[in-house]
Amino acid sequence: MKDSKNVYIRLAGVVTIWMIAGMAVLAGCKLSESDGTKVADLDYTVVEEAKVPEELKEHIDRKKEADFKLTYEDDGQLYIVRGYGEQETGGYSIAVKEVYLTKNTICFHTMLIGPGEAEEKTKAPSYPYIVVQVKSQDKNVIFE
């Protein structure tokens, strides 16, 4: 009886090792395919609030109080949205640092810019976000 238990324990150990090795190989392949190397810059348009699709506006409105990232596709266009949640005052802006393609992804890098010292700040909270439109791609978006 003891011998059969040992065989099962050893077999389970070997199977576990092979599974871990297999996952490591797969993870290594995945990492090498999406290593973040820029393939090309991606043309984009910052979308004015009035031109944001209504359904997307509703999603933004539901999420705006917290930091959020989302994508939305409509009529061959991909909308990439980055919101920075509730800020104590107004006067914030968002800079698009980069929008580019890698082999498997779209990378979207933005930065929140606070109000300047000379700038008049509203006392009401604000919910800064930016909507960028690109041609639809069959790729996941990575927010940086």
# chains A, B, ... in the order shown; residues from 1 in each chain; ligands from 1
$ residues_around --residues "range 79-82 of chain A" --least-positions-apart "5" --cutoff "9 Å" --atoms "only C-alpha atoms" --output "PyMOL selection string"
chain A and resi 47+52+56+60+67-74+108+110+128-136+141+143
$ residues_around --residues "range 112-127 of chain A" --least-positions-apart "4" --cutoff "9 Å" --atoms "only C-alpha atoms" --output "NGL selection string"
:A and (64-66 or 83-95)
$ residues_around --residues "Val99 in chain A" --least-positions-apart "6" --cutoff "7 Å" --atoms "only C-alpha atoms" --output "ChimeraX atom specification"
/A:41-42,107-109
$ atom_distance --atom1 "CA of His59 in chain A" --atom2 "CA of Thr102 in chain A"
27.3 Å
